[in-house]
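Q: The structure file query-v6.cif (mmCIF, C-alpha atoms) is provided below.
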```cif
data_work
loop_
_atom_site.group_PDB
_atom_site.id
_atom_site.type_symbol
_atom_site.label_atom_id
_atom_site.label_comp_id
_atom_site.auth_asym_id
_atom_site.auth_seq_id
_atom_site.Cartn_x
_atom_site.Cartn_y
_atom_site.Cartn_z
ATOM 1 C CA MET A 1 -103.944 -105.862 -23.558
ATOM 2 C CA LYS A 2 -107.681 -106.130 -24.132
ATOM 3 C CA LYS A 3 -109.704 -103.340 -22.554
ATOM 4 C CA VAL A 4 -112.880 -104.212 -20.679
ATOM 5 C CA SER A 5 -115.938 -101.964 -20.681
ATOM 6 C CA ARG A 6 -118.271 -101.543 -17.715
ATOM 7 C CA ARG A 7 -120.749 -103.845 -19.427
ATOM 8 C CA GLY A 8 -117.984 -106.335 -20.043
ATOM 9 C CA PHE A 9 -117.044 -106.148 -16.380
ATOM 10 C CA VAL A 10 -120.520 -106.929 -15.118
ATOM 11 C CA GLU A 11 -120.881 -109.742 -17.648
ATOM 12 C CA GLN A 12 -117.657 -111.288 -16.355
ATOM 13 C CA LEU A 13 -118.854 -110.729 -12.791
ATOM 14 C CA GLY A 14 -122.035 -112.594 -13.589
ATOM 15 C CA PHE A 15 -120.005 -115.411 -15.060
ATOM 16 C CA GLY A 16 -117.780 -115.467 -11.991
ATOM 17 C CA LEU A 17 -120.757 -115.874 -9.662
ATOM 18 C CA GLY A 18 -121.808 -119.060 -11.379
ATOM 19 C CA ALA A 19 -118.320 -120.258 -12.170
ATOM 20 C CA SER A 20 -117.181 -120.027 -8.554
ATOM 21 C CA LEU A 21 -119.607 -122.856 -7.819
ATOM 22 C CA LEU A 22 -119.906 -124.582 -11.202
ATOM 23 C CA LEU A 23 -116.323 -124.696 -12.461
ATOM 24 C CA PRO A 24 -113.502 -126.649 -10.785
ATOM 25 C CA SER A 25 -110.813 -124.451 -12.336
ATOM 26 C CA SER A 26 -110.358 -121.331 -14.447
ATOM 27 C CA ALA A 27 -108.863 -123.549 -17.171
ATOM 28 C CA LEU A 28 -112.429 -124.358 -18.236
ATOM 29 C CA TYR A 29 -113.301 -120.673 -18.631
ATOM 30 C CA ALA A 30 -112.899 -120.339 -22.404
ATOM 31 C CA GLN A 31 -114.379 -123.758 -23.097
ATOM 32 C CA THR A 32 -117.489 -123.075 -21.008
ATOM 33 C CA LYS A 33 -117.962 -119.575 -22.385
ATOM 34 C CA ALA A 34 -118.026 -120.914 -25.928
ATOM 35 C CA VAL A 35 -120.923 -123.291 -25.195
ATOM 36 C CA PRO A 36 -124.273 -121.671 -24.278
ATOM 37 C CA TYR A 37 -125.449 -122.807 -20.873
ATOM 38 C CA THR A 38 -128.883 -124.385 -20.923
ATOM 39 C CA GLY A 39 -129.099 -125.703 -17.373
ATOM 40 C CA LYS A 40 -130.961 -124.373 -14.371
ATOM 41 C CA LYS A 41 -129.912 -120.938 -13.156
ATOM 42 C CA LEU A 42 -128.719 -120.507 -9.595
ATOM 43 C CA ARG A 43 -131.259 -118.427 -7.710
ATOM 44 C CA VAL A 44 -129.292 -115.939 -5.637
ATOM 45 C CA ALA A 45 -130.294 -113.882 -2.620
ATOM 46 C CA LEU A 46 -128.060 -110.863 -2.032
ATOM 47 C CA CYS A 47 -127.382 -110.322 1.653
ATOM 48 C CA GLY A 48 -126.462 -106.661 2.199
ATOM 49 C CA LEU A 49 -127.472 -104.060 -0.391
ATOM 50 C CA GLY A 50 -124.521 -101.680 -0.307
ATOM 51 C CA ARG A 51 -122.280 -100.379 -3.095
ATOM 52 C CA TYR A 52 -120.871 -103.727 -4.147
ATOM 53 C CA ALA A 53 -124.300 -105.351 -4.259
ATOM 54 C CA ASN A 54 -125.250 -102.771 -6.880
ATOM 55 C CA LEU A 55 -122.452 -104.086 -9.113
ATOM 56 C CA ILE A 56 -123.403 -107.682 -8.470
ATOM 57 C CA ARG A 57 -127.027 -107.093 -9.402
ATOM 58 C CA GLU A 58 -125.864 -105.767 -12.783
ATOM 59 C CA GLY A 59 -123.833 -108.920 -13.260
ATOM 60 C CA LEU A 60 -126.783 -111.091 -12.299
ATOM 61 C CA ALA A 61 -128.974 -109.265 -14.796
ATOM 62 C CA VAL A 62 -126.793 -110.430 -17.717
ATOM 63 C CA SER A 63 -125.591 -113.757 -16.329
ATOM 64 C CA GLN A 64 -126.649 -116.977 -18.034
ATOM 65 C CA TYR A 65 -125.803 -118.945 -14.893
ATOM 66 C CA CYS A 66 -127.483 -116.997 -12.096
ATOM 67 C CA GLN A 67 -130.446 -114.765 -11.379
ATOM 68 C CA LEU A 68 -131.370 -112.359 -8.606
ATOM 69 C CA ALA A 69 -134.128 -114.125 -6.709
ATOM 70 C CA GLY A 70 -134.072 -112.556 -3.231
ATOM 71 C CA ILE A 71 -132.657 -109.846 -0.999
ATOM 72 C CA VAL A 72 -131.656 -109.435 2.637
ATOM 73 C CA THR A 73 -131.421 -105.919 4.049
ATOM 74 C CA GLY A 74 -131.931 -103.930 7.209
ATOM 75 C CA THR A 75 -133.261 -100.894 5.346
ATOM 76 C CA PRO A 76 -136.979 -100.989 4.452
ATOM 77 C CA THR A 77 -136.615 -98.318 1.753
ATOM 78 C CA LYS A 78 -133.952 -100.382 -0.014
ATOM 79 C CA ALA A 79 -136.120 -103.468 0.244
ATOM 80 C CA ALA A 80 -139.053 -101.646 -1.356
ATOM 81 C CA ARG A 81 -136.927 -100.213 -4.176
ATOM 82 C CA TRP A 82 -135.166 -103.452 -5.070
ATOM 83 C CA LYS A 83 -138.404 -105.416 -4.813
ATOM 84 C CA SER A 84 -140.046 -103.063 -7.293
ATOM 85 C CA GLU A 85 -137.117 -102.724 -9.712
ATOM 86 C CA TYR A 86 -136.338 -106.445 -9.939
ATOM 87 C CA ASN A 87 -139.811 -107.948 -9.463
ATOM 88 C CA ILE A 88 -138.744 -109.786 -6.328
ATOM 89 C CA PRO A 89 -141.693 -111.470 -4.608
ATOM 90 C CA GLU A 90 -142.417 -110.495 -1.021
ATOM 91 C CA LYS A 91 -141.686 -114.017 0.194
ATOM 92 C CA ASN A 92 -138.081 -113.603 -1.045
ATOM 93 C CA VAL A 93 -137.453 -110.356 0.867
ATOM 94 C CA TYR A 94 -135.747 -110.765 4.242
ATOM 95 C CA SER A 95 -134.455 -108.609 7.069
ATOM 96 C CA TYR A 96 -131.427 -109.526 9.163
ATOM 97 C CA GLN A 97 -133.785 -110.485 11.971
ATOM 98 C CA ASN A 98 -135.939 -112.971 10.035
ATOM 99 C CA PHE A 99 -133.144 -114.205 7.748
ATOM 100 C CA ASP A 100 -133.165 -117.697 9.268
ATOM 101 C CA THR A 101 -136.642 -118.330 7.878
ATOM 102 C CA ILE A 102 -135.010 -118.567 4.429
ATOM 103 C CA LEU A 103 -134.686 -122.245 5.386
ATOM 104 C CA ALA A 104 -138.251 -122.803 4.186
ATOM 105 C CA ASN A 105 -137.782 -120.990 0.869
ATOM 106 C CA LYS A 106 -137.208 -123.489 -1.931
ATOM 107 C CA ASN A 107 -136.835 -120.659 -4.467
ATOM 108 C CA ILE A 108 -133.434 -119.558 -3.080
ATOM 109 C CA ASP A 109 -130.406 -121.730 -3.844
ATOM 110 C CA LEU A 110 -127.559 -119.518 -2.732
ATOM 111 C CA VAL A 111 -126.854 -116.546 -0.492
ATOM 112 C CA TYR A 112 -124.227 -114.017 -1.619
ATOM 113 C CA ILE A 113 -122.975 -112.124 1.440
ATOM 114 C CA THR A 114 -121.773 -108.570 0.795
ATOM 115 C CA LEU A 115 -122.038 -107.325 4.369
ATOM 116 C CA PRO A 116 -119.189 -105.654 6.289
ATOM 117 C CA ASN A 117 -116.309 -108.035 6.984
ATOM 118 C CA ALA A 118 -117.159 -108.532 10.656
ATOM 119 C CA LEU A 119 -120.551 -110.008 9.711
ATOM 120 C CA HIS A 120 -119.305 -112.536 7.159
ATOM 121 C CA LYS A 121 -118.964 -115.385 9.632
ATOM 122 C CA GLU A 122 -122.343 -114.895 11.301
ATOM 123 C CA PHE A 123 -124.323 -114.889 8.090
ATOM 124 C CA THR A 124 -122.329 -117.707 6.520
ATOM 125 C CA LEU A 125 -123.163 -119.894 9.520
ATOM 126 C CA ARG A 126 -126.817 -118.860 9.377
ATOM 127 C CA ALA A 127 -127.059 -119.454 5.625
ATOM 128 C CA ALA A 128 -125.393 -122.866 5.942
ATOM 129 C CA LYS A 129 -127.758 -123.833 8.758
ATOM 130 C CA ALA A 130 -130.619 -122.888 6.444
ATOM 131 C CA GLY A 131 -129.226 -125.274 3.816
ATOM 132 C CA LYS A 132 -128.183 -122.593 1.340
ATOM 133 C CA HIS A 133 -124.956 -122.497 -0.643
ATOM 134 C CA VAL A 134 -122.826 -119.468 0.187
ATOM 135 C CA ILE A 135 -120.626 -116.987 -1.631
ATOM 136 C CA VAL A 136 -119.021 -114.609 0.831
ATOM 137 C CA GLU A 137 -117.306 -111.469 -0.351
ATOM 138 C CA LYS A 138 -113.587 -111.048 0.301
ATOM 139 C CA PRO A 139 -112.023 -111.042 2.804
ATOM 140 C CA MET A 140 -113.605 -114.286 3.898
ATOM 141 C CA ALA A 141 -113.565 -113.351 7.604
ATOM 142 C CA LEU A 142 -111.581 -111.489 10.265
ATOM 143 C CA THR A 143 -109.498 -114.410 11.557
ATOM 144 C CA GLU A 144 -108.262 -117.808 10.430
ATOM 145 C CA GLN A 145 -110.398 -119.459 13.094
ATOM 146 C CA ASP A 146 -113.486 -117.713 11.778
ATOM 147 C CA CYS A 147 -112.690 -119.063 8.313
ATOM 148 C CA GLN A 148 -112.231 -122.590 9.653
ATOM 149 C CA ASP A 149 -115.560 -122.345 11.488
ATOM 150 C CA MET A 150 -117.296 -121.234 8.287
ATOM 151 C CA ILE A 151 -115.761 -124.088 6.288
ATOM 152 C CA ALA A 152 -116.744 -126.624 8.940
ATOM 153 C CA ALA A 153 -120.324 -125.320 9.136
ATOM 154 C CA CYS A 154 -120.793 -125.588 5.379
ATOM 155 C CA LYS A 155 -119.329 -129.089 5.315
ATOM 156 C CA ARG A 156 -121.701 -130.187 8.090
ATOM 157 C CA ALA A 157 -124.648 -128.709 6.221
ATOM 158 C CA GLY A 158 -123.590 -130.238 2.902
ATOM 159 C CA VAL A 159 -123.499 -126.887 1.107
ATOM 160 C CA GLN A 160 -120.780 -125.275 -0.974
ATOM 161 C CA LEU A 161 -118.818 -122.256 0.222
ATOM 162 C CA ALA A 162 -116.964 -119.897 -2.117
ATOM 163 C CA VAL A 163 -115.198 -116.553 -1.740
ATOM 164 C CA GLY A 164 -116.303 -113.889 -4.207
ATOM 165 C CA TYR A 165 -112.985 -113.104 -5.842
ATOM 166 C CA ARG A 166 -113.805 -112.320 -9.467
ATOM 167 C CA LEU A 167 -110.190 -111.855 -10.640
ATOM 168 C CA HIS A 168 -109.858 -115.588 -11.249
ATOM 169 C CA TYR A 169 -112.169 -115.017 -14.222
ATOM 170 C CA GLU A 170 -111.364 -111.432 -15.201
ATOM 171 C CA PRO A 171 -110.114 -111.224 -18.834
ATOM 172 C CA ASN A 172 -107.064 -109.029 -18.204
ATOM 173 C CA HIS A 173 -105.797 -111.301 -15.451
ATOM 174 C CA LEU A 174 -106.392 -114.412 -17.520
ATOM 175 C CA GLU A 175 -104.364 -112.845 -20.324
ATOM 176 C CA LEU A 176 -101.510 -111.977 -17.952
ATOM 177 C CA GLN A 177 -101.597 -115.540 -16.686
ATOM 178 C CA ARG A 178 -101.369 -116.851 -20.260
ATOM 179 C CA LEU A 179 -98.476 -114.529 -21.149
ATOM 180 C CA GLY A 180 -96.536 -115.673 -18.115
ATOM 181 C CA GLN A 181 -97.242 -119.387 -18.272
ATOM 182 C CA GLN A 182 -96.584 -119.617 -21.997
ATOM 183 C CA LYS A 183 -93.503 -117.370 -21.664
ATOM 184 C CA VAL A 184 -94.679 -115.234 -24.573
ATOM 185 C CA PHE A 185 -92.081 -112.594 -23.671
ATOM 186 C CA GLY A 186 -89.687 -114.980 -21.965
ATOM 187 C CA GLN A 187 -89.319 -116.088 -18.356
ATOM 188 C CA VAL A 188 -91.190 -113.903 -15.860
ATOM 189 C CA ARG A 189 -88.668 -112.577 -13.345
ATOM 190 C CA LEU A 190 -90.519 -109.745 -11.662
ATOM 191 C CA MET A 191 -94.104 -108.570 -11.312
ATOM 192 C CA GLU A 192 -95.080 -105.295 -9.697
ATOM 193 C CA ALA A 193 -98.606 -103.959 -9.244
ATOM 194 C CA SER A 194 -100.304 -101.403 -7.064
ATOM 195 C CA LEU A 195 -103.718 -99.916 -6.463
ATOM 196 C CA GLY A 196 -104.677 -97.337 -3.917
ATOM 197 C CA TYR A 197 -107.101 -94.582 -3.075
ATOM 198 C CA ARG A 198 -108.119 -92.589 -0.027
ATOM 199 C CA LEU A 199 -111.598 -93.818 0.837
ATOM 200 C CA ALA A 200 -111.904 -91.258 3.629
ATOM 201 C CA ASP A 201 -111.793 -88.487 1.025
ATOM 202 C CA ILE A 202 -114.626 -90.089 -0.934
ATOM 203 C CA ILE A 203 -116.944 -91.518 1.721
ATOM 204 C CA PRO A 204 -115.856 -90.357 5.190
ATOM 205 C CA GLU A 205 -118.443 -92.520 6.998
ATOM 206 C CA ASP A 206 -117.780 -95.722 5.046
ATOM 207 C CA TRP A 207 -117.808 -98.899 7.159
ATOM 208 C CA HIS A 208 -114.344 -99.845 5.838
ATOM 209 C CA LEU A 209 -112.983 -97.066 8.050
ATOM 210 C CA LYS A 210 -114.472 -98.583 11.199
ATOM 211 C CA LYS A 211 -112.240 -101.231 12.739
ATOM 212 C CA ALA A 212 -115.089 -103.080 14.431
ATOM 213 C CA LEU A 213 -116.705 -103.757 11.051
ATOM 214 C CA ALA A 214 -113.705 -103.928 8.754
ATOM 215 C CA GLY A 215 -111.150 -105.712 10.943
ATOM 216 C CA ALA A 216 -107.776 -105.988 9.216
ATOM 217 C CA ALA A 217 -109.094 -103.999 6.269
ATOM 218 C CA HIS A 218 -109.267 -100.918 8.514
#
```
Taking this structure as input, can you express it in the form of structure tokens?

A:
Amino acid sequence: MKKVSRRGFVEQLGFGLGASLLLPSSALYAQTKAVPYTGKKLRVALCGLGRYANLIREGLAVSQYCQLAGIVTGTPTKAARWKSEYNIPEKNVYSYQNFDTILANKNIDLVYITLPNALHKEFTLRAAKAGKHVIVEKPMALTEQDCQDMIAACKRAGVQLAVGYRLHYEPNHLELQRLGQQKVFGQVRLMEASLGYRLADIIPEDWHLKKALAGAAH
């Protein structure tokens, strides 16, 4: 199976950001990749500048479909650092308190929410109300009702809502899908996979370990 480097990962992540809104199905992946994209880039504001946002910004840096255009954070030092490193104009820098004023910013097309799980619904509703398309990191929300409310809000606002699940576009998974569907090694009868680690041993204070923020992921 083809190995993927860190650079390859972030390139695929960047593709996935655009593809989650631009492509109707992963079947168009290879076809679209082969043809250079010459259209307008999606201008993305990252909402929440934690660990995962640092991966996403690398993907955005090499993506031909998207670009990092704004940030939303509750930490002034992060805002200053990201603003400097990525040449983000002051008008595209938001706090959680003034986030709703993004409504007036025509230079932001989409908000990518990488906040703790418990905040996904709130900021999806606020982004939709501001007329911005939304990608919300997995899990979508804490409850089914929350998810339905998010879907309804985006429909009312006429914006698109996507869940940031990159594995639909990740090369190894696409290859496994091909092997199974084309029965390269015969009929698939069993699949077994696992992944695990003890986050508490790595980052004891991580928000994933707090039920109020993580919900079912706790």

Q: Residues near Lys129 in chain A, anyone? I mean within 12 Å using only C-alpha atoms, not counting same-chain ones fewer than 4 positions away, as a PyMOL selection string.

A: chain A and resi 99-104+111+122-125+133-134+150+152-159

Q: The selected residues should be written to file as an mmCIF file, keeping the file's coordinate frame (atoms: C-alpha atoms).

A:
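Final output, saved to part.cif:
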```cif
data_model
loop_
_atom_site.group_PDB
_atom_site.id
_atom_site.type_symbol
_atom_site.label_atom_id
_atom_site.label_comp_id
_atom_site.auth_asym_id
_atom_site.auth_seq_id
_atom_site.Cartn_x
_atom_site.Cartn_y
_atom_site.Cartn_z
ATOM 1 C CA PHE A 99 -133.144 -114.205 7.748
ATOM 2 C CA ASP A 100 -133.165 -117.697 9.268
ATOM 3 C CA THR A 101 -136.642 -118.330 7.878
ATOM 4 C CA ILE A 102 -135.010 -118.567 4.429
ATOM 5 C CA LEU A 103 -134.686 -122.245 5.386
ATOM 6 C CA ALA A 104 -138.251 -122.803 4.186
ATOM 7 C CA VAL A 111 -126.854 -116.546 -0.492
ATOM 8 C CA GLU A 122 -122.343 -114.895 11.301
ATOM 9 C CA PHE A 123 -124.323 -114.889 8.090
ATOM 10 C CA THR A 124 -122.329 -117.707 6.520
ATOM 11 C CA LEU A 125 -123.163 -119.894 9.520
ATOM 12 C CA HIS A 133 -124.956 -122.497 -0.643
ATOM 13 C CA VAL A 134 -122.826 -119.468 0.187
ATOM 14 C CA MET A 150 -117.296 -121.234 8.287
ATOM 15 C CA ALA A 152 -116.744 -126.624 8.940
ATOM 16 C CA ALA A 153 -120.324 -125.320 9.136
ATOM 17 C CA CYS A 154 -120.793 -125.588 5.379
ATOM 18 C CA LYS A 155 -119.329 -129.089 5.315
ATOM 19 C CA ARG A 156 -121.701 -130.187 8.090
ATOM 20 C CA ALA A 157 -124.648 -128.709 6.221
ATOM 21 C CA GLY A 158 -123.590 -130.238 2.902
ATOM 22 C CA VAL A 159 -123.499 -126.887 1.107
#
```

Q: Kindly indicate which residue among A:Arg178, A:Lys40, A:Lys132, A:Lys91 lies nearest to Gln67 in chain A, using all atoms listed in the file for the distances.

A: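 Looking only at the distances to Gln67 in chain A, the closest residue turns out to be A:Lys40.
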
Q: Given the file shown, enumerate the residues that the PyMOL selection byres ((chain A and resi 112) around 12) captures and present them as an MDAnalysis selection string.

A: chainID A and resid 17:18 20:21 42:49 52:53 56:57 60 66:72 108:111 113:115 120 123:124 127:128 132:138 140 160:164

Q: In Å, with one decimal, what is the gap from CA of Ile88 in chain A to CA of Ala141 in chain A?

A: 29.0 Å

Q: At what distance in Å, to one decimal, does CA of Leu142 in chain A lie from CA of Pro76 in chain A?

A: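 Computing the Euclidean distance for CA of Pro76 in chain A and CA of Leu142 in chain A yields 28.1 Å.
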
Q: Please, what is the axis-aligned box for every listed atom of range 179-188 of chain A with 8 Å on each side, as centre and edge lengths in Å to one decimal, as JSON?

A:
```
{"center_x": -93.9, "center_y": -116.1, "center_z": -20.2, "size_x": 25.2, "size_y": 23.0, "size_z": 24.7}
```

Q: How far is it from CA of Ser194 in chain A to CA of Pro139 in chain A, in Å with one decimal?

A: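 The value is 18.1 Å.
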
Q: Tell me which of A:Ala61, A:Leu167, A:Asn54, A:Lys41 sits closest to Asn107 in chain A, counting all atoms listed in the file.

A: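 Ranked by minimum distance to Asn107 in chain A, first place goes to A:Lys41.
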
Q: Using the chain letters and numbers from the file, which residues does the PyMOL selection byres ((chain A and resi 74) around 7) grab, as a list in words?

A: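 Output from the PyMOL selection byres ((chain A and resi 74) around 7), applied to this file: Thr73, Thr75, Pro76, Ser95 and Tyr96 of chain A.
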
Q: With only C-alpha atoms as the atoms that count, which of A:Leu174, A:Leu179, A:Leu190, A:Ala79 lies nearest to Asn92 in chain A?

A: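 Closest to Asn92 in chain A, using only C-alpha atoms: A:Ala79.
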
Q: Hey, which of A:Gln64, A:His173, A:Leu55, A:Ala130 ends up closest to Pro36 in chain A? Count all atoms listed in the file.

A: A:Gln64
